[in-house]
Structures are given as C-alpha cells and as structure tokens.
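A.B. asks: Sharing final.txt here; it has compact mmCIF, C-alpha atoms.
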```txt
# COMPACT_ATOMS: atom_id res chain seq x y z
CA MET A 1 -40.39 28.63 48.21
CA ILE A 2 -37.39 30.93 47.90
CA PRO A 3 -36.23 32.23 44.51
CA GLY A 4 -32.58 32.01 43.48
CA SER A 5 -30.27 34.95 44.09
CA PHE A 6 -30.06 37.85 41.70
CA ASP A 7 -28.86 41.43 41.46
CA TYR A 8 -31.64 44.01 41.49
CA HIS A 9 -31.60 47.01 39.15
CA ARG A 10 -34.04 49.89 39.02
CA PRO A 11 -33.36 52.14 36.01
CA ASN A 12 -35.13 55.45 35.39
CA THR A 13 -35.21 55.38 31.60
CA ILE A 14 -35.90 52.90 28.81
CA ASP A 15 -32.41 53.47 27.41
CA GLU A 16 -30.86 52.57 30.75
CA ALA A 17 -32.97 49.41 30.90
CA VAL A 18 -31.99 48.43 27.35
CA GLY A 19 -28.34 49.02 28.28
CA LEU A 20 -28.66 46.75 31.32
CA LEU A 21 -30.31 44.04 29.22
CA ALA A 22 -27.50 44.27 26.66
CA SER A 23 -24.70 44.17 29.23
CA HIS A 24 -26.17 41.09 30.91
CA ALA A 25 -27.27 39.37 27.71
CA GLY A 26 -29.36 36.31 28.45
CA ASP A 27 -28.97 36.58 32.25
CA ALA A 28 -31.29 39.52 32.82
CA PHE A 29 -35.10 39.61 32.95
CA ILE A 30 -37.46 42.55 33.00
CA LEU A 31 -39.52 42.75 36.21
CA ALA A 32 -42.83 44.57 35.77
CA GLY A 33 -45.60 43.44 38.14
CA GLY A 34 -43.78 40.15 38.64
CA HIS A 35 -46.94 38.11 39.12
CA SER A 36 -45.95 35.66 36.39
CA LEU A 37 -42.18 35.89 36.84
CA ILE A 38 -41.91 35.64 40.64
CA PRO A 39 -43.93 32.40 40.87
CA MET A 40 -41.67 30.96 38.14
CA MET A 41 -38.61 32.07 40.12
CA LYS A 42 -39.97 30.48 43.30
CA LEU A 43 -40.25 27.19 41.42
CA ARG A 44 -36.72 27.80 40.05
CA MET A 45 -38.16 27.47 36.57
CA ALA A 46 -36.71 30.95 36.02
CA THR A 47 -33.30 31.76 37.52
CA PRO A 48 -32.25 35.18 36.20
CA GLU A 49 -29.01 36.60 37.58
CA HIS A 50 -30.25 40.14 37.12
CA LEU A 51 -33.71 41.62 37.50
CA ILE A 52 -34.46 44.97 35.91
CA ASP A 53 -37.41 46.55 37.72
CA ILE A 54 -39.13 49.01 35.37
CA GLN A 55 -41.48 50.67 37.88
CA ASP A 56 -39.54 53.97 37.92
CA ILE A 57 -39.60 54.40 34.12
CA SER A 58 -42.31 57.02 33.66
CA GLU A 59 -42.16 56.67 29.84
CA LEU A 60 -43.87 53.28 30.25
CA THR A 61 -46.94 54.36 32.18
CA GLY A 62 -49.05 56.50 29.86
CA ILE A 63 -52.43 55.89 28.22
CA SER A 64 -53.33 58.08 25.23
CA VAL A 65 -56.42 57.84 23.07
CA ASN A 66 -57.28 59.70 19.86
CA ALA A 67 -59.55 59.06 16.88
CA ASP A 68 -56.83 57.19 15.03
CA HIS A 69 -55.08 55.08 17.63
CA ILE A 70 -54.69 54.14 21.28
CA GLU A 71 -51.29 53.86 22.90
CA ILE A 72 -50.81 52.09 26.22
CA GLY A 73 -47.49 52.02 28.06
CA ALA A 74 -46.21 48.55 28.87
CA ALA A 75 -46.14 49.17 32.63
CA VAL A 76 -49.81 50.23 32.87
CA THR A 77 -51.48 47.93 35.38
CA GLN A 78 -54.74 46.07 34.81
CA ALA A 79 -56.29 48.25 37.54
CA GLN A 80 -55.23 51.40 35.65
CA LEU A 81 -56.72 50.02 32.43
CA ILE A 82 -60.02 49.41 34.22
CA ALA A 83 -59.97 52.90 35.74
CA SER A 84 -59.30 54.70 32.44
CA ALA A 85 -62.45 56.57 31.35
CA ASP A 86 -60.97 57.13 27.87
CA LEU A 87 -60.43 53.43 27.31
CA SER A 88 -63.88 52.56 28.67
CA THR A 89 -65.39 54.93 26.12
CA HIS A 90 -63.33 54.10 23.05
CA CYS A 91 -62.26 50.49 23.58
CA PRO A 92 -64.38 48.93 26.34
CA ILE A 93 -63.31 45.35 25.59
CA LEU A 94 -60.00 46.17 27.35
CA SER A 95 -61.60 46.86 30.72
CA GLU A 96 -64.14 44.07 30.25
CA THR A 97 -61.24 41.66 29.77
CA ALA A 98 -59.02 43.12 32.50
CA LEU A 99 -61.86 42.64 35.00
CA GLN A 100 -61.82 38.91 34.21
CA ILE A 101 -58.11 38.58 34.98
CA ALA A 102 -57.14 37.23 38.42
CA ASP A 103 -58.36 39.29 41.40
CA PRO A 104 -58.17 42.87 42.72
CA GLN A 105 -54.80 42.49 44.43
CA ILE A 106 -53.18 41.00 41.33
CA ARG A 107 -54.76 43.57 39.00
CA ASN A 108 -53.16 46.30 41.16
CA VAL A 109 -49.73 44.95 40.25
CA GLY A 110 -50.00 42.95 37.02
CA THR A 111 -49.27 44.96 33.87
CA ILE A 112 -50.62 44.87 30.34
CA GLY A 113 -47.04 44.59 29.06
CA GLY A 114 -46.26 41.56 31.17
CA ASN A 115 -49.55 39.95 30.24
CA VAL A 116 -48.91 40.21 26.50
CA ALA A 117 -45.12 39.79 26.43
CA ASN A 118 -44.49 36.68 28.46
CA GLY A 119 -46.26 34.42 25.99
CA ASP A 120 -48.36 32.41 28.44
CA PRO A 121 -51.23 30.97 26.36
CA GLY A 122 -53.48 31.25 29.43
CA ASN A 123 -53.19 35.04 29.52
CA ASP A 124 -56.25 36.90 28.29
CA MET A 125 -54.84 40.08 26.72
CA PRO A 126 -52.88 38.47 23.86
CA ALA A 127 -56.07 37.33 22.10
CA ILE A 128 -57.60 40.77 22.64
CA MET A 129 -54.51 42.34 21.06
CA GLN A 130 -54.88 40.06 18.04
CA LEU A 131 -58.57 40.86 17.87
CA LEU A 132 -57.82 44.61 17.84
CA ASP A 133 -54.88 44.21 15.41
CA ALA A 134 -52.52 45.80 17.94
CA ALA A 135 -48.83 46.37 17.34
CA PHE A 136 -46.21 45.81 20.04
CA VAL A 137 -43.46 48.43 20.20
CA LEU A 138 -40.12 46.77 21.01
CA ARG A 139 -36.97 48.69 21.82
CA GLY A 140 -33.55 47.07 21.66
CA PRO A 141 -29.93 48.09 21.22
CA ASP A 142 -30.54 48.68 17.49
CA GLY A 143 -33.60 50.86 17.90
CA THR A 144 -37.36 50.45 17.86
CA ARG A 145 -39.54 48.12 15.80
CA ASN A 146 -43.24 47.29 15.75
CA VAL A 147 -44.48 43.71 15.61
CA SER A 148 -48.10 42.80 14.93
CA ALA A 149 -49.82 40.91 17.74
CA ARG A 150 -51.06 38.54 15.05
CA THR A 151 -47.50 37.37 14.29
CA PHE A 152 -45.87 37.91 17.71
CA TYR A 153 -46.73 34.55 19.31
CA GLU A 154 -44.69 31.54 18.13
CA ALA A 155 -45.39 28.89 20.79
CA ALA A 156 -46.05 28.79 24.53
CA TYR A 157 -43.61 31.30 26.09
CA PHE A 158 -41.88 31.87 22.73
CA THR A 159 -42.49 35.20 21.04
CA ALA A 160 -40.92 37.42 18.38
CA ARG A 161 -39.33 39.56 21.13
CA ASP A 162 -35.56 39.19 21.24
CA GLU A 163 -34.11 38.79 24.73
CA SER A 164 -32.29 42.10 24.26
CA GLU A 165 -35.54 43.96 23.63
CA ILE A 166 -38.09 45.58 25.94
CA LEU A 167 -41.77 45.93 25.12
CA THR A 168 -42.37 49.62 25.66
CA ALA A 169 -45.91 50.21 24.41
CA ILE A 170 -48.93 48.78 22.66
CA ARG A 171 -50.53 50.62 19.74
CA ILE A 172 -54.11 49.80 18.87
CA PRO A 173 -56.07 51.23 15.93
CA THR A 174 -59.04 52.92 17.63
CA PRO A 175 -62.10 50.75 16.93
CA PRO A 176 -64.94 52.52 15.10
CA ALA A 177 -67.44 54.38 17.27
CA GLY A 178 -70.58 52.31 17.81
CA HIS A 179 -68.83 48.94 17.55
CA GLY A 180 -70.13 46.12 19.72
CA HIS A 181 -67.75 44.10 21.87
CA SER A 182 -67.69 41.10 24.18
CA TYR A 183 -65.16 38.88 25.94
CA GLN A 184 -66.71 35.63 27.13
CA LYS A 185 -64.53 33.56 29.45
CA GLN A 186 -65.48 30.21 30.93
CA LYS A 187 -63.39 29.44 34.01
CA ARG A 188 -63.49 26.99 36.89
CA LYS A 189 -63.41 29.69 39.55
CA ILE A 190 -62.94 33.43 39.74
CA GLY A 191 -59.38 34.40 38.91
CA ASP A 192 -58.64 31.22 36.98
CA TYR A 193 -57.23 30.98 33.49
CA ALA A 194 -59.83 30.27 30.83
CA THR A 195 -61.09 26.79 30.13
CA ALA A 196 -62.09 28.47 26.88
CA ALA A 197 -62.58 32.15 26.03
CA ALA A 198 -63.52 34.21 23.00
CA GLY A 199 -63.45 37.90 22.23
CA VAL A 200 -65.52 39.53 19.50
CA ILE A 201 -65.96 43.02 18.10
CA VAL A 202 -68.45 43.79 15.34
CA THR A 203 -69.62 46.88 13.49
CA MET A 204 -73.17 47.00 12.12
CA HIS A 205 -74.66 49.24 9.43
CA ASN A 206 -78.39 49.08 8.66
CA GLY A 207 -78.60 45.60 10.14
CA THR A 208 -75.63 44.24 8.22
CA CYS A 209 -72.28 43.39 9.78
CA THR A 210 -69.64 45.53 8.10
CA SER A 211 -66.61 44.36 10.06
CA ALA A 212 -65.88 41.64 12.59
CA SER A 213 -62.92 40.28 14.49
CA ILE A 214 -62.79 37.18 16.68
CA ALA A 215 -59.94 35.80 18.80
CA LEU A 216 -59.59 32.89 21.22
CA THR A 217 -57.73 32.37 24.53
CA ASN A 218 -56.17 29.21 25.95
CA LEU A 219 -57.34 26.98 23.13
CA ALA A 220 -53.90 26.29 21.63
CA ASP A 221 -50.30 26.97 22.65
CA THR A 222 -50.69 30.53 21.36
CA PRO A 223 -53.62 32.94 21.25
CA LEU A 224 -55.64 32.49 18.05
CA TRP A 225 -56.98 35.17 15.74
CA ALA A 226 -59.94 33.49 14.06
CA GLU A 227 -59.72 35.11 10.64
CA ALA A 228 -62.06 32.74 8.77
CA ALA A 229 -64.61 32.92 11.59
CA SER A 230 -64.44 36.73 11.48
CA ASN A 231 -64.96 36.75 7.72
CA ALA A 232 -67.95 34.42 8.08
CA LEU A 233 -69.81 37.23 9.84
CA VAL A 234 -69.11 40.12 7.46
CA GLY A 235 -71.99 40.90 5.10
CA THR A 236 -74.52 38.92 7.17
CA SER A 237 -77.18 40.06 9.62
CA LEU A 238 -75.49 37.93 12.32
CA ASP A 239 -78.35 35.46 12.00
CA ALA A 240 -78.19 31.89 13.26
CA THR A 241 -76.65 30.59 10.01
CA ALA A 242 -73.83 33.14 10.12
CA ILE A 243 -73.16 32.45 13.80
CA ASP A 244 -73.05 28.69 13.15
CA ALA A 245 -70.57 29.24 10.33
CA ALA A 246 -68.35 31.39 12.55
CA VAL A 247 -68.54 28.88 15.40
CA SER A 248 -67.50 26.02 13.08
CA ALA A 249 -64.64 28.05 11.62
CA ALA A 250 -63.42 29.02 15.09
CA ARG A 251 -63.64 25.49 16.47
CA ALA A 252 -61.67 24.22 13.49
CA ILE A 253 -58.53 26.17 14.42
CA THR A 254 -58.47 25.23 18.12
CA ASP A 255 -56.10 22.65 19.55
CA PRO A 256 -56.55 22.78 23.33
CA ALA A 257 -54.63 20.61 25.76
CA SER A 258 -56.44 17.97 27.80
CA ASP A 259 -55.63 19.01 31.35
CA GLY A 260 -57.16 19.95 34.70
CA ARG A 261 -59.50 22.31 32.86
CA GLY A 262 -61.03 19.43 30.96
CA PRO A 263 -60.48 17.10 28.02
CA LYS A 264 -59.80 18.49 24.57
CA GLU A 265 -63.28 17.67 23.25
CA TYR A 266 -64.96 19.52 26.12
CA ARG A 267 -62.80 22.60 25.71
CA THR A 268 -63.39 22.65 21.95
CA HIS A 269 -67.13 22.40 22.59
CA LEU A 270 -66.92 25.27 25.08
CA ALA A 271 -64.93 27.34 22.58
CA GLY A 272 -67.92 27.22 20.24
CA ILE A 273 -70.28 28.30 23.00
CA MET A 274 -68.02 31.19 24.01
CA VAL A 275 -67.80 32.36 20.38
CA LYS A 276 -71.58 32.20 19.99
CA ARG A 277 -72.26 34.12 23.22
CA ALA A 278 -69.59 36.71 22.39
CA ILE A 279 -71.08 37.33 18.93
CA GLN A 280 -74.60 37.65 20.34
CA THR A 281 -73.49 40.00 23.11
CA ALA A 282 -71.35 42.13 20.79
CA HIS A 283 -74.26 42.32 18.34
CA ALA A 284 -76.64 43.47 21.07
CA ARG A 285 -74.18 46.17 22.13
CA ALA A 286 -73.45 47.46 18.61
CA ALA A 287 -75.05 50.76 17.66
CA MET B 1 -25.11 39.07 44.87
CA SER B 2 -24.84 41.97 47.26
CA LYS B 3 -27.44 42.98 49.80
CA THR B 4 -29.48 46.04 49.09
CA HIS B 5 -30.40 48.85 51.40
CA VAL B 6 -34.14 48.80 52.02
CA LYS B 7 -36.08 51.80 53.23
CA MET B 8 -39.85 52.02 53.67
CA THR B 9 -42.56 53.09 56.09
CA VAL B 10 -44.45 50.28 57.79
CA ASN B 11 -47.58 51.09 59.79
CA GLY B 12 -46.41 54.69 60.04
CA LYS B 13 -42.90 53.87 61.29
CA PRO B 14 -39.79 54.37 59.17
CA VAL B 15 -37.86 51.13 58.59
CA GLU B 16 -34.34 50.67 57.23
CA ALA B 17 -32.49 47.39 56.77
CA LEU B 18 -30.11 45.43 54.58
CA ALA B 19 -31.75 42.58 52.71
CA GLU B 20 -30.95 40.15 49.94
CA PRO B 21 -32.77 41.24 46.78
CA ARG B 22 -34.51 37.87 46.60
CA THR B 23 -36.22 38.47 49.96
CA LEU B 24 -39.97 38.48 49.49
CA LEU B 25 -41.87 41.28 51.20
CA ILE B 26 -43.87 38.79 53.31
CA HIS B 27 -40.63 37.26 54.66
CA PHE B 28 -39.20 40.70 55.37
CA LEU B 29 -42.32 41.73 57.30
CA ARG B 30 -42.58 38.50 59.27
CA GLU B 31 -38.93 37.64 59.90
CA GLU B 32 -37.14 41.01 59.99
CA LEU B 33 -39.89 43.18 61.45
CA ASN B 34 -41.67 40.47 63.48
CA LEU B 35 -45.00 41.48 61.95
CA THR B 36 -46.51 38.00 61.86
CA GLY B 37 -50.07 39.17 61.22
CA PRO B 38 -49.85 38.78 57.43
CA HIS B 39 -49.76 35.02 56.85
CA ILE B 40 -48.10 32.78 54.30
CA GLY B 41 -50.89 30.59 53.00
CA CYS B 42 -50.51 29.24 49.48
CA ASP B 43 -47.29 31.14 48.67
CA THR B 44 -48.50 31.31 45.05
CA SER B 45 -50.61 34.53 45.02
CA HIS B 46 -53.93 32.69 45.10
CA CYS B 47 -55.11 32.79 48.73
CA GLY B 48 -54.60 36.40 49.82
CA ALA B 49 -53.57 35.59 53.42
CA CYS B 50 -50.46 37.76 52.90
CA THR B 51 -52.42 40.81 51.71
CA VAL B 52 -50.99 44.18 52.77
CA ASP B 53 -51.42 47.73 51.53
CA ILE B 54 -48.61 49.19 49.46
CA ASP B 55 -49.14 52.92 48.90
CA GLY B 56 -52.86 52.53 49.51
CA LYS B 57 -53.40 49.51 47.27
CA SER B 58 -54.05 45.91 48.28
CA VAL B 59 -51.18 43.65 47.19
CA LYS B 60 -50.19 40.04 47.87
CA SER B 61 -46.86 40.38 49.67
CA CYS B 62 -45.77 36.79 48.89
CA THR B 63 -45.28 37.86 45.27
CA VAL B 64 -43.37 41.12 45.75
CA PHE B 65 -39.62 41.43 46.25
CA VAL B 66 -38.66 43.70 49.10
CA GLY B 67 -36.81 46.02 46.69
CA GLN B 68 -40.01 46.63 44.74
CA ALA B 69 -41.50 48.16 47.90
CA GLN B 70 -38.58 50.57 48.31
CA ASP B 71 -39.71 54.01 49.57
CA SER B 72 -43.32 52.89 49.81
CA GLU B 73 -45.85 53.04 52.63
CA ILE B 74 -46.94 49.65 53.87
CA LYS B 75 -49.89 48.90 56.08
CA THR B 76 -50.37 45.47 57.63
CA ILE B 77 -53.12 44.10 59.87
CA GLU B 78 -51.05 45.37 62.82
CA GLY B 79 -51.66 48.92 61.58
CA ILE B 80 -55.44 48.72 61.18
CA ALA B 81 -56.62 49.23 64.80
CA HIS B 82 -56.75 52.75 66.23
CA PRO B 83 -53.61 54.04 68.02
CA ASP B 84 -55.34 53.66 71.42
CA GLY B 85 -55.81 49.95 70.75
CA THR B 86 -59.55 49.98 70.04
CA LEU B 87 -60.50 47.88 67.07
CA HIS B 88 -61.24 49.37 63.68
CA ALA B 89 -64.89 49.05 62.58
CA VAL B 90 -63.97 46.23 60.16
CA GLN B 91 -62.21 44.26 62.92
CA GLU B 92 -65.07 44.82 65.35
CA ALA B 93 -67.64 43.73 62.74
CA PHE B 94 -65.69 40.50 62.03
CA ARG B 95 -65.65 39.84 65.80
CA GLN B 96 -69.35 40.56 66.33
CA HIS B 97 -70.64 38.77 63.24
CA HIS B 98 -68.53 35.60 63.26
CA GLY B 99 -66.45 36.73 60.30
CA LEU B 100 -63.75 34.26 61.33
CA GLN B 101 -63.64 30.59 62.18
CA CYS B 102 -60.08 29.21 62.27
CA GLY B 103 -58.72 32.73 61.75
CA PHE B 104 -55.96 31.93 59.28
CA CYS B 105 -57.35 34.02 56.41
CA THR B 106 -58.55 36.79 58.74
CA PRO B 107 -55.56 39.20 58.66
CA GLY B 108 -55.57 39.21 54.85
CA MET B 109 -59.36 39.28 54.70
CA ILE B 110 -59.60 42.29 57.04
CA THR B 111 -56.72 44.14 55.40
CA ARG B 112 -58.43 43.68 52.04
CA ALA B 113 -61.89 44.58 53.40
CA TYR B 114 -60.41 47.71 55.01
CA ARG B 115 -59.04 48.86 51.65
CA LEU B 116 -62.19 47.85 49.74
CA LEU B 117 -64.25 50.14 51.98
CA GLN B 118 -61.81 53.01 51.35
CA GLU B 119 -62.25 52.48 47.60
CA ASN B 120 -65.99 51.89 47.72
CA PRO B 121 -67.63 52.99 51.00
CA ASN B 122 -71.06 51.60 50.08
CA PRO B 123 -70.51 48.34 48.24
CA SER B 124 -73.35 46.04 47.18
CA GLU B 125 -73.13 42.41 48.25
CA GLU B 126 -71.91 41.54 44.77
CA GLU B 127 -69.24 44.23 44.90
CA ILE B 128 -68.08 42.89 48.26
CA ARG B 129 -67.85 39.35 46.87
CA HIS B 130 -65.87 40.55 43.85
CA GLY B 131 -63.80 42.83 46.07
CA ILE B 132 -62.63 39.94 48.26
CA SER B 133 -62.36 37.44 45.38
CA GLY B 134 -58.59 37.34 45.90
CA ASN B 135 -58.94 36.10 49.48
CA LEU B 136 -59.78 32.48 50.18
CA CYS B 137 -61.35 31.15 53.40
CA ARG B 138 -60.82 27.41 53.68
CA CYS B 139 -63.46 27.24 56.42
CA THR B 140 -65.76 28.61 53.66
CA GLY B 141 -67.14 31.18 56.09
CA TYR B 142 -67.93 33.66 53.35
CA GLN B 143 -71.53 34.42 54.39
CA ASN B 144 -70.45 35.91 57.69
CA ILE B 145 -67.40 37.59 56.19
CA VAL B 146 -69.63 39.36 53.68
CA LYS B 147 -72.11 40.23 56.45
CA ALA B 148 -69.30 41.63 58.62
CA ILE B 149 -68.09 43.84 55.78
CA GLN B 150 -71.64 45.09 55.17
CA VAL B 151 -72.00 45.96 58.87
CA ALA B 152 -68.60 47.67 58.89
CA ALA B 153 -69.60 49.74 55.84
CA GLU B 154 -72.76 50.89 57.65
CA GLU B 155 -70.81 51.67 60.84
CA LEU B 156 -68.26 53.70 58.95
CA SER B 157 -70.87 55.67 57.02
CA VAL B 158 -72.77 56.46 60.25
CA LYS B 159 -69.50 57.67 61.78
CA GLU B 160 -68.74 59.78 58.77
CA ALA B 161 -72.21 61.32 58.83
CA ALA B 162 -71.77 62.20 62.52
CA GLN B 163 -68.52 64.05 61.86
```
Would you encode the structure as structure tokens?
C.D. replies:
Amino acid sequence: MIPGSFDYHRPNTIDEAVGLLASHAGDAFILAGGHSLIPMMKLRMATPEHLIDIQDISELTGISVNADHIEIGAAVTQAQLIASADLSTHCPILSETALQIADPQIRNVGTIGGNVANGDPGNDMPAIMQLLDAAFVLRGPDGTRNVSARTFYEAAYFTARDESEILTAIRIPTPPAGHGHSYQKQKRKIGDYATAAAGVIVTMHNGTCTSASIALTNLADTPLWAEAASNALVGTSLDATAIDAAVSAARAITDPASDGRGPKEYRTHLAGIMVKRAIQTAHARAA
Amino acid sequence: MSKTHVKMTVNGKPVEALAEPRTLLIHFLREELNLTGPHIGCDTSHCGACTVDIDGKSVKSCTVFVGQAQDSEIKTIEGIAHPDGTLHAVQEAFRQHHGLQCGFCTPGMITRAYRLLQENPNPSEEEIRHGISGNLCRCTGYQNIVKAIQVAAEELSVKEAAQ
C-alpha cells in the first residue's frame, strides 16, 4: 500500500507551521507520529498534498507540572508520558492509560497531541482529557485559543479544531493530591482499541466521596464525559447503591456501534462493568 | 512533488539518496539499500516484522516516511551481529532455543528483543511478553521466543559481569 504523493515540510517553529498550514489551506496536514495518519494515507482515505512534520519544533515537546496545572506539549510521545516521573506522581491516570495504548513500538512514535486531536472515537486519551477537564491550546493565523476537551469532540473525526489551527499543548488542572484513579479497558487483544473502557478519578474525605469524574471510550462516536454518573458518586461512601446508580447513569449515555468488537448490547453491558471496576479500583487507591 | 535529499546512518554506515517523500522507510531500506532483513508483514503497524531501531528506539518502519528518519541512526537486523560475523547473544539464543519456526517474524522479533534488553537487562517473563507485544508470530511460537530472550538476558548479564 503506497500513499499518494505529497510535499514534505519540516518547520522549526510553531509560527512557521501555522504559516505553512495557512498557505496550503485545506491541502496540508500536520504529521506528528503519523501512526493514525499514515495508515489512512496508505488506504488513500487521506490524500494531503502537503505534510508538515512537527518533530523539529522544540516548543511542542515539554512536560511541566505544578500545584495548579499540568502542561503537556502536543508532540510528547506516549513513551515520554509513561517515563515522566512528575506525571506518574501527580496524574498517574495518564501513564496508566498510555500503557494500554497499542504496543511499545507505536508508543515510541505516537503522540498525545495526535491521539486527542484526530477525533478517532477509539483513541483512549480523549476520554481521559474530558475526565480531567483538560483544555486544548490551539494556535492559528489569528492567535491562540483554548477549547475544553468536554466540548472539543463533535462527531467521529470532527472536532472544534479549524483546519488552519495546530494543537500546541494540553493544559490539565492538577488533580488533588491523594485522589484515586483507574482506567479500565476491555479489549480483544493487546494493542486493540477498546470494546468498552472507562476512566474514573475520585477524591475521598473521611470515607465520603468529595469529587468524582467519569469518562468513557469507544462507546459512541465521540468520547463521553459521564457527568450524571460522576455526580451520582459525590456525597456517598461509594457503596454498592452509589456504584449501581453511577453504572446506570453511565450506561444510559452510551451508544456504541455493533461491529467486530461485539453487538451494541454486549458493549453497553461491558461499559457498566468497566465503570464499576474503575470506581472500585479508584476508591481503593484514594488516600 | 519533488524528490527530497535523504541522509541517515544505517548500521553504522552513512547513507545519502534522493527519494520521493511518500517513500516509506521499510521500502527505502529494502529496495534502495537492499537490506531485506526487515520484512513487510501486515503493512498496517500491527505485526512488527518491519521493526528497526531509530535513534535507539524500536519503531515499525512500515509506518514512517523516509523523511521523518532524516539525520537519524537506524539499526536493522543486519546490524545486530558482531562485526566479525559471530551472532549476537539474542540471535544465538533464538537459534539454540527454537525461537523461530517459519522465520518470517524473526528479524523484527530479534531487533525488538535486542532493544528490550538494552532498556531492561533483567526482564521478568511478563515484562518480556509486554515488551514484544507489538510483534506477532503467526506460528504462535511465543513460548520459545520468550525462553530465548530469557536465555539471552542471562548470557548478556554474565558477559557484563565478566567485563
């Protein structure tokens, strides 16, 4: 399978990349790790005339963590996320999730920016970004704007990003110290997309849940932030009744496809199990 | 759509060529450089038969454009054995412990195992299985592949201790 022809560009700065996108409006794609884009190009489902490789743009590769927020450059690879001691300490759900994406070779190349920006409902990080209430920093010819991960996804492969914009960074409010986390992903084989997956973070105080956030992967044509399910946990002791309520609320917002990963009913059923296990695991890990 | 000037180091040797930007690294290695050790298996980044090292990291070369590897150091299965032709401990362990049946996955499997042992010289069985999870063996010969990697890890640590 041979991709169509294109011109290859390798800018050194974000401004240069934005300029290239603007001067080839609609015909240019950003190339980060390429592990979603190149397979699409081989199938000729994507036929860009220009590829803008961002690997030399050092502004896109940082990870910074402080008490208030976490900022991750769009070109940080999954392997770099996993290796970051700061992230493992302050936001361990990121590495837990990254380790469940694809395989070692792909994690060496695939980036967090590509994972969240291309809008594939099978990708794992978008739900985690909704869970953490992340903001995506987009830079275009008119400047920079932030879009909440909870409003970024419109439909499969359709997002709030304009084709003239580049995702430059992800900003995450640093989760409270002592929070419990879990990403539970049911898949047919290692490296597969989820049949159903759920992420949960909870904070506990004297046995009572003081905050909770739940999000779901590959159970609709966008990632799903399960707001009602999250609220069902707050103020409870995360007992069986509260978990059942959250599971019902989460299942109610799913709309999975019937495909090779199973019929809709099965995937909805699994969604409930993933939510339950993620709540229980997050609870056990909470301080 | 002009050709681009490609420059990289492959198995220690500098390489320069003109290539169409759409050339995939695996095609460049196999067809321009005649390095036919890395195989094209699934061509969709699942099977790992095309695995090579780029700057000391395992990568699937079927899903990398040649331009992305500009100025990098590539190592293929052809660069794993010692310069005098004796096999590397990983290759020897695959040979001794039946780590290959039909042999199609073997170049990618060994190239990945070689890198895994650089990253983690004493992996547990579970770490080995996760470490080679991006390499598929359609003969399903995983037991002996894992055993070969365990033996290679021991061999390499004995060698290191002796030095």
A.B. asks: Pull out every residue of chain B that has at least one atom within 6 Å of chain A, counting only C-alpha atoms, and report them as a PyMOL selection string.
C.D. replies: chain B and resi 1+22+58-59+133-134
A.B. asks: Scan for residues within 9 Å of the point (-50.5, 53.4, 42.7) in the coordinates of the file, using only C-alpha atoms, and reply as a PyMOL selection string.
C.D. replies: (chain A and resi 80+108-109) or (chain B and resi 54-57)
A.B. asks: Atom CA of A:Leu233 and atom CA of A:Gln184, how far apart in Å?
C.D. replies: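 Distance reported for this atom pair: 17.6 Å.
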A.B. asks: Report, in Å with one decimal, the straight-line distance from atom CA of B:Ile77 to atom CA of B:Pro107.
C.D. replies: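 These two atoms are separated by 5.6 Å.
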A.B. asks: I'd like to know which of A:Met45, A:Met274, A:Ala156, A:Ala22 is closest to A:Asn118, using only C-alpha atoms.
C.D. replies: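 For A:Asn118, the nearest of the given residues is A:Ala156.
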A.B. asks: Can you work out the spacing between atom CA of A:Thr144 and atom CA of A:Ile70 in Å, to one decimal?
C.D. replies: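 Computed distance, atom CA of A:Thr144 to atom CA of A:Ile70, equals 18.0 Å.
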A.B. asks: Using only C-alpha atoms, which residues sit within 10 Å of stretch 80-90 of chain B once same-chain residues fewer than 5 positions away are excluded, as a list in words?
C.D. replies: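 Answer for this query is Asn11, Lys75, Arg95, Gln96, Gly99, Pro107, Met109, Ile110, Thr111, Ala113, Tyr114, Leu117, Ala148, Ile149, Gln150, Val151, Ala152, Ala153, Glu154, Glu155, Leu156 and Lys159 of chain B.
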A.B. asks: Just the residues within 9 Å of stretch 38-44 of chain B, please, counting only C-alpha atoms, with nothing from its chain fewer than 4 positions along; format it as an NGL selection string.
C.D. replies: (:A and (1 or 39 or 42)) or (:B and (26-27 or 29-30 or 48-52 or 61-63 or 76-78 or 104-105 or 107-108 or 111))
A.B. asks: Would you pick out the contacts of A:Thr281 at 8 Å or less, using all atoms listed in the file, so that residues sharing its chain but fewer than 6 positions from it are not included, and give the list as a list in words?
C.D. replies: Gly180, His181 and Ser182 of chain A
